[in-house]
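Colleague: Mind looking over this structure? Questions follow.
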Amino acid sequence: MRFKCAELKEYQIVGKPLSKTNEKTPIYKMRIFAPDEIVAKSRFWYFLRQLKKVRKVNGEILRMTLVSNSSPTKIKNFGIWVRYDSRSGSHNMYREYRDVSTTGAVTQCYRDMAARHRARAHSIQIMKVEEVKAGDCKRPIIKQMHNSTLKFPLPHRILKYNKKSIFVAERPSTMQ
Amino acid sequence: PKIPKMLYQRFIEIGRVCYIRLGDHAGKSCVVVDMVDQKHLLVDGPETGVPRTVIRLNQVAITDLKITIPRGCKTKKVRQELLKAEIPAKFAKSSLARKAAAKAATANLGDFERFQSRVAKTLRNRKIRSTVKKM
């Protein structure tokens, strides 16, 4: 089932314009982040149309593969280059995220852009996603996790209490 | 000089043994292997059947047990250190584990056992109340 809140998937889509004569046409490959195959194909043509003189009518998709996560238990830093349309213009951005997978990082990026800039998914273009080494990271929020002896307490911890104990005789303890 | 006791004794850190309260692996203990961000941990529980996964901080309760492992080390090493520090046995003795076990036990009580526990409680409370009255 497709869930709006689910993580995006990474597709590698290869397509080319059809040729009316039997000449060779260039083949284009794109890295698309989409919730499913249908949206992935749609975005492929959207971008290809912007970048090259190809339309879905005049082209064909040669291959679409779902790219799986190579190391789902290794935490990586991702640098994401985004282009997005705000209410008054188009802007480029470089954003950093820490996640276990590329798709996780890109999903975080979409959520983050929506939260911080009210940018909807249709106005966001992911230009490049790259794994960045810890030393090359720029954002302090990401760099603060690069401490090998990192530790923090959980002060004043408020846990979600179930509805059974919504009224209690004594104030619950928030210590750890 | 006397080292003052810190206000916070338990930290989220590499090697901290945690108890998973919610989610897929609720009720199991695991070890913090790495931290993704302020709200997510990479966690591994080779002795309790928790696979190496990312979980949210609010799914987890910190225990006062800790092992020494390098950041992001392999599951084999985590298991080694866990067994060396005898964590499974120590965790089973902790109040968290004992409470969870007691809760599981009461959930599995049959009708007669529930009756027995009710009778036992009534007798105990009767005794307590009569002793208090005499005071």
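So you can find residues: chains in the structure tokens are A, B, ... in the order shown, residues in each start at 1, and ligands are numbered from 1 in order.
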Residues of chain B near chain A: apply a cut-off of 6 Å, count only C-alpha atoms, and supply the list as a VMD selection string.
Modeller: chain B and resid 11 to 13
Colleague: Report as a ChimeraX atom specification: the residues of range 14-112 of chain B with a DSSP assignment of alpha helix (DSSP H), based on the backbone of this structure.
Modeller: /B:75-84,87-93,95-107,111-112
Colleague: Dump C-alpha atoms for the selected residues as a PDB file, in the first residue's frame?
Modeller:
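Contents of out.pdb, as written:
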ATOM      1  CA  THR B  75      27.156  -6.962  16.130  1.00  0.00           C
ATOM      2  CA  LYS B  76      29.679  -9.674  16.947  1.00  0.00           C
ATOM      3  CA  LYS B  77      31.647  -7.217  19.067  1.00  0.00           C
ATOM      4  CA  VAL B  78      28.490  -5.979  20.768  1.00  0.00           C
ATOM      5  CA  ARG B  79      27.579  -9.545  21.716  1.00  0.00           C
ATOM      6  CA  GLN B  80      31.122 -10.145  22.989  1.00  0.00           C
ATOM      7  CA  GLU B  81      31.026  -7.108  25.262  1.00  0.00           C
ATOM      8  CA  LEU B  82      27.489  -7.841  26.431  1.00  0.00           C
ATOM      9  CA  LEU B  83      28.427 -11.327  27.552  1.00  0.00           C
ATOM     10  CA  LYS B  84      31.699 -10.147  29.070  1.00  0.00           C
ATOM     11  CA  ILE B  87      24.444  -7.741  30.886  1.00  0.00           C
ATOM     12  CA  PRO B  88      21.604 -10.233  30.208  1.00  0.00           C
ATOM     13  CA  ALA B  89      21.776 -11.504  33.802  1.00  0.00           C
ATOM     14  CA  LYS B  90      22.149  -8.000  35.277  1.00  0.00           C
ATOM     15  CA  PHE B  91      19.302  -6.655  33.189  1.00  0.00           C
ATOM     16  CA  ALA B  92      16.994  -9.484  34.261  1.00  0.00           C
ATOM     17  CA  LYS B  93      17.566  -8.363  37.862  1.00  0.00           C
ATOM     18  CA  SER B  95      13.415  -3.313  38.289  1.00  0.00           C
ATOM     19  CA  LEU B  96      12.380  -2.574  34.685  1.00  0.00           C
ATOM     20  CA  ALA B  97      12.792  -6.188  33.664  1.00  0.00           C
ATOM     21  CA  ARG B  98      11.171  -7.530  36.816  1.00  0.00           C
ATOM     22  CA  LYS B  99       8.172  -5.213  36.431  1.00  0.00           C
ATOM     23  CA  ALA B 100       7.788  -6.181  32.788  1.00  0.00           C
ATOM     24  CA  ALA B 101       7.949  -9.863  33.720  1.00  0.00           C
ATOM     25  CA  ALA B 102       5.378  -9.360  36.480  1.00  0.00           C
ATOM     26  CA  LYS B 103       3.092  -7.546  34.046  1.00  0.00           C
ATOM     27  CA  ALA B 104       3.426 -10.358  31.538  1.00  0.00           C
ATOM     28  CA  ALA B 105       2.692 -12.880  34.274  1.00  0.00           C
ATOM     29  CA  THR B 106      -0.514 -11.107  35.369  1.00  0.00           C
ATOM     30  CA  ALA B 107      -1.619 -10.856  31.740  1.00  0.00           C
ATOM     31  CA  ASP B 111      -9.541 -17.124  35.986  1.00  0.00           C
ATOM     32  CA  PHE B 112      -8.724 -19.152  39.085  1.00  0.00           C
TER      33      PHE B 112
END
Colleague: Extract, using only C-alpha atoms, all DNA, RNA and protein residues at most 10 Å from Gly104 in chain A, discarding same-chain residues fewer than 5 positions from it, and format them as a list in words.
Modeller: Ala6, Glu7, Leu8, Lys9, Glu10, Asn69, Phe78, Tyr97, Arg98, Asp99 and Cys109 of chain A
Colleague: Restrict the selected residues to N, CA and C atoms and save them as a PDB file, in the first residue's frame.
Modeller:
ATOM      1  N   ALA A   6       5.108   7.435   4.116  1.00  0.00           N
ATOM      2  CA  ALA A   6       6.151   6.425   3.951  1.00  0.00           C
ATOM      3  C   ALA A   6       7.386   7.039   3.296  1.00  0.00           C
ATOM      4  N   GLU A   7       8.485   6.324   3.413  1.00  0.00           N
ATOM      5  CA  GLU A   7       9.738   6.804   2.850  1.00  0.00           C
ATOM      6  C   GLU A   7       9.696   6.714   1.335  1.00  0.00           C
ATOM      7  N   LEU A   8      10.366   7.668   0.701  1.00  0.00           N
ATOM      8  CA  LEU A   8      10.447   7.625  -0.761  1.00  0.00           C
ATOM      9  C   LEU A   8      11.347   6.475  -1.186  1.00  0.00           C
ATOM     10  N   LYS A   9      11.231   6.129  -2.453  1.00  0.00           N
ATOM     11  CA  LYS A   9      12.095   5.070  -2.995  1.00  0.00           C
ATOM     12  C   LYS A   9      12.990   5.703  -4.051  1.00  0.00           C
ATOM     13  N   GLU A  10      14.156   5.106  -4.231  1.00  0.00           N
ATOM     14  CA  GLU A  10      15.076   5.619  -5.234  1.00  0.00           C
ATOM     15  C   GLU A  10      14.981   4.743  -6.470  1.00  0.00           C
ATOM     16  N   ASN A  69      19.012  -0.014  -0.657  1.00  0.00           N
ATOM     17  CA  ASN A  69      19.978   0.585   0.263  1.00  0.00           C
ATOM     18  C   ASN A  69      21.181  -0.333   0.472  1.00  0.00           C
ATOM     19  N   PHE A  78      24.359  13.062   4.547  1.00  0.00           N
ATOM     20  CA  PHE A  78      24.016  13.326   3.154  1.00  0.00           C
ATOM     21  C   PHE A  78      23.945  14.814   2.891  1.00  0.00           C
ATOM     22  N   TYR A  97      21.652  16.201   5.896  1.00  0.00           N
ATOM     23  CA  TYR A  97      20.846  15.335   6.756  1.00  0.00           C
ATOM     24  C   TYR A  97      21.655  14.117   7.135  1.00  0.00           C
ATOM     25  N   ARG A  98      21.315  13.605   8.301  1.00  0.00           N
ATOM     26  CA  ARG A  98      21.967  12.381   8.750  1.00  0.00           C
ATOM     27  C   ARG A  98      20.958  11.261   8.717  1.00  0.00           C
ATOM     28  N   ASP A  99      21.282  10.205   8.018  1.00  0.00           N
ATOM     29  CA  ASP A  99      20.337   9.092   7.957  1.00  0.00           C
ATOM     30  C   ASP A  99      21.085   7.828   7.579  1.00  0.00           C
ATOM     31  N   CYS A 109      14.420  15.542   3.777  1.00  0.00           N
ATOM     32  CA  CYS A 109      14.581  16.831   3.095  1.00  0.00           C
ATOM     33  C   CYS A 109      13.227  17.395   2.694  1.00  0.00           C
TER      34      CYS A 109
END
Colleague: Give me, as a PyMOL selection string, all polymer residues having an atom no more than 9 Å from Arg43 in chain A, counting only C-alpha atoms and skipping those fewer than 4 positions away in the same chain.
Modeller: chain A and resi 32-34+38-39+47-48
Colleague: From the options B:Val119, B:Thr53, B:Lys133, B:Glu86, which residue's atoms come nearest to Val33 in chain B, counting only C-alpha atoms?
Modeller: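 Ranked by minimum distance to Val33 in chain B, first place goes to B:Thr53.
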Colleague: Could you pull the residues within 7 Å of Thr65 in chain A, counting only C-alpha atoms, minus those fewer than 5 positions along the same chain, as a ChimeraX atom specification?
Modeller: /A:11-13
Colleague: At a cut-off of 6 Å, using only C-alpha atoms, what residues contact range 93-95 of chain A? Leave out same-chain residues fewer than 4 positions from it and give the result as a ChimeraX atom specification.
Modeller: /A:79-82
Colleague: Any idea what's packed within 8 Å of Val17 in chain B, counting only C-alpha atoms, ignoring anything in its chain fewer than 5 positions away? Could you give it as a ChimeraX atom specification?
Modeller: /B:29-32,62-67
Colleague: May I have the residues from that selection written out with N, CA and C atoms, as a tab-separated table (two decimals), in the first residue's frame?
Modeller:
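Just written: selection_3.tsv:
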chain	number	residue	atom	x	y	z
B	29	SER	N	15.61	-5.64	25.60
B	29	SER	CA	16.71	-4.71	25.88
B	29	SER	C	17.65	-4.69	24.69
B	30	CYS	N	18.36	-3.57	24.54
B	30	CYS	CA	19.27	-3.41	23.41
B	30	CYS	C	20.38	-2.45	23.81
B	31	VAL	N	21.35	-2.32	22.94
B	31	VAL	CA	22.51	-1.48	23.21
B	31	VAL	C	22.55	-0.36	22.17
B	32	VAL	N	22.86	0.83	22.60
B	32	VAL	CA	23.01	1.95	21.67
B	32	VAL	C	24.37	1.82	20.98
B	62	ILE	N	16.07	4.40	29.25
B	62	ILE	CA	17.48	4.16	29.56
B	62	ILE	C	17.60	3.35	30.84
B	63	THR	N	18.52	2.39	30.83
B	63	THR	CA	18.81	1.66	32.06
B	63	THR	C	20.14	2.18	32.62
B	64	ASP	N	20.53	1.68	33.78
B	64	ASP	CA	21.81	2.16	34.31
B	64	ASP	C	22.96	1.23	33.96
B	65	LEU	N	22.72	0.31	33.00
B	65	LEU	CA	23.78	-0.59	32.57
B	65	LEU	C	24.46	-0.01	31.34
B	66	LYS	N	25.77	-0.25	31.26
B	66	LYS	CA	26.52	0.32	30.14
B	66	LYS	C	27.67	-0.61	29.81
B	67	ILE	N	27.96	-0.74	28.53
B	67	ILE	CA	29.16	-1.49	28.12
B	67	ILE	C	30.05	-0.56	27.33
Colleague: Rounded to one decimal in Å, what is the spacing between CA of Ala115 in chain A and CA of Arg139 in chain A?
Modeller: 17.7 Å
Colleague: Running DSSP on the backbone, which parts of range 33-141 of chain A land in strand (DSSP E or B), as a PyMOL selection string?
Modeller: chain A and resi 33-34+59-67+76-86+89-99+124-132
Colleague: Using N, CA and C atoms, can you write the selected residues to a file as a short mmCIF file (atom, residue, chain, number, x, y, z; two decimals), in the first residue's frame?
Modeller:
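The resulting file, again_39.cif, is reproduced below:
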data_model
loop_
_atom_site.label_atom_id
_atom_site.label_comp_id
_atom_site.auth_asym_id
_atom_site.auth_seq_id
_atom_site.Cartn_x
_atom_site.Cartn_y
_atom_site.Cartn_z
N PHE A 33 13.69 10.17 -6.97
CA PHE A 33 13.16 9.78 -5.67
C PHE A 33 11.66 9.97 -5.69
N ALA A 34 10.93 8.89 -5.57
CA ALA A 34 9.46 8.96 -5.69
C ALA A 34 8.83 7.89 -4.82
N GLY A 59 9.26 9.55 -26.56
CA GLY A 59 10.37 8.83 -25.93
C GLY A 59 9.91 7.52 -25.36
N GLU A 60 10.87 6.80 -24.85
CA GLU A 60 10.55 5.53 -24.22
C GLU A 60 11.49 5.32 -23.04
N ILE A 61 10.97 4.63 -22.05
CA ILE A 61 11.80 4.28 -20.90
C ILE A 61 12.39 2.90 -21.17
N LEU A 62 13.72 2.84 -21.13
CA LEU A 62 14.38 1.58 -21.42
C LEU A 62 14.45 0.69 -20.19
N ARG A 63 14.71 1.34 -19.07
CA ARG A 63 14.88 0.53 -17.87
C ARG A 63 14.52 1.36 -16.65
N MET A 64 13.86 0.76 -15.73
CA MET A 64 13.59 1.39 -14.44
C MET A 64 13.90 0.38 -13.35
N THR A 65 14.87 0.71 -12.53
CA THR A 65 15.22 -0.21 -11.44
C THR A 65 15.08 0.49 -10.10
N LEU A 66 14.63 -0.27 -9.13
CA LEU A 66 14.53 0.22 -7.77
C LEU A 66 15.90 0.06 -7.12
N VAL A 67 16.47 1.16 -6.68
CA VAL A 67 17.79 1.10 -6.06
C VAL A 67 17.62 0.80 -4.58
N LYS A 76 24.99 7.67 7.81
CA LYS A 76 25.77 8.48 6.88
C LYS A 76 25.28 9.92 6.90
N ASN A 77 26.15 10.80 6.45
CA ASN A 77 25.77 12.20 6.30
C ASN A 77 25.50 12.46 4.83
N PHE A 78 24.36 13.06 4.55
CA PHE A 78 24.02 13.33 3.15
C PHE A 78 23.95 14.81 2.89
N GLY A 79 24.57 15.22 1.79
CA GLY A 79 24.43 16.58 1.32
C GLY A 79 23.44 16.56 0.18
N ILE A 80 22.42 17.39 0.28
CA ILE A 80 21.38 17.40 -0.76
C ILE A 80 21.31 18.80 -1.37
N TRP A 81 21.48 18.84 -2.67
CA TRP A 81 21.35 20.11 -3.39
C TRP A 81 19.93 20.18 -3.93
N VAL A 82 19.21 21.21 -3.50
CA VAL A 82 17.78 21.34 -3.83
C VAL A 82 17.55 22.62 -4.60
N ARG A 83 16.59 22.56 -5.49
CA ARG A 83 16.10 23.78 -6.11
C ARG A 83 14.62 23.82 -5.79
N TYR A 84 14.14 24.95 -5.25
CA TYR A 84 12.71 24.97 -4.91
C TYR A 84 12.11 26.31 -5.27
N ASP A 85 10.80 26.29 -5.51
CA ASP A 85 10.08 27.53 -5.81
C ASP A 85 9.41 28.02 -4.54
N SER A 86 9.79 29.23 -4.15
CA SER A 86 9.09 29.86 -3.03
C SER A 86 7.96 30.70 -3.63
N GLY A 89 9.84 33.31 -5.92
CA GLY A 89 10.95 33.04 -6.83
C GLY A 89 11.53 31.66 -6.61
N SER A 90 12.54 31.35 -7.41
CA SER A 90 13.16 30.03 -7.35
C SER A 90 14.53 30.16 -6.71
N HIS A 91 14.87 29.22 -5.82
CA HIS A 91 16.13 29.31 -5.10
C HIS A 91 16.85 27.99 -5.07
N ASN A 92 18.17 28.06 -4.96
CA ASN A 92 18.99 26.87 -4.76
C ASN A 92 19.34 26.75 -3.30
N MET A 93 19.48 25.51 -2.87
CA MET A 93 19.84 25.29 -1.47
C MET A 93 20.77 24.11 -1.36
N TYR A 94 21.58 24.15 -0.34
CA TYR A 94 22.36 22.96 0.03
C TYR A 94 21.96 22.60 1.45
N ARG A 95 21.48 21.38 1.61
CA ARG A 95 21.01 20.98 2.94
C ARG A 95 21.70 19.68 3.34
N GLU A 96 21.87 19.51 4.61
CA GLU A 96 22.52 18.29 5.10
C GLU A 96 21.60 17.51 6.02
N TYR A 97 21.65 16.20 5.90
CA TYR A 97 20.85 15.33 6.76
C TYR A 97 21.65 14.12 7.14
N ARG A 98 21.31 13.61 8.30
CA ARG A 98 21.97 12.38 8.75
C ARG A 98 20.96 11.26 8.72
N ASP A 99 21.28 10.20 8.02
CA ASP A 99 20.34 9.09 7.96
C ASP A 99 21.09 7.83 7.58
N ILE A 124 9.65 21.26 -5.35
CA ILE A 124 11.02 20.91 -4.95
C ILE A 124 11.64 20.03 -6.01
N GLN A 125 12.88 20.37 -6.38
CA GLN A 125 13.63 19.51 -7.30
C GLN A 125 14.92 19.11 -6.60
N ILE A 126 15.10 17.81 -6.48
CA ILE A 126 16.34 17.32 -5.87
C ILE A 126 17.38 17.26 -6.99
N MET A 127 18.37 18.11 -6.89
CA MET A 127 19.35 18.16 -7.98
C MET A 127 20.45 17.12 -7.79
N LYS A 128 20.90 17.02 -6.55
CA LYS A 128 21.99 16.07 -6.30
C LYS A 128 21.93 15.59 -4.86
N VAL A 129 22.20 14.32 -4.67
CA VAL A 129 22.30 13.75 -3.33
C VAL A 129 23.64 13.04 -3.24
N GLU A 130 24.40 13.39 -2.25
CA GLU A 130 25.73 12.77 -2.13
C GLU A 130 26.03 12.45 -0.69
N GLU A 131 26.69 11.34 -0.48
CA GLU A 131 27.14 11.05 0.88
C GLU A 131 28.37 11.91 1.17
N VAL A 132 28.34 12.59 2.28
CA VAL A 132 29.40 13.53 2.63
C VAL A 132 30.17 12.97 3.82
#
Colleague: Would you work out the distance separating CA of His40 in chain B from CA of Ala114 in chain A, expressed in Å to one decimal?
Modeller: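 Interatomic distance here is 20.5 Å.
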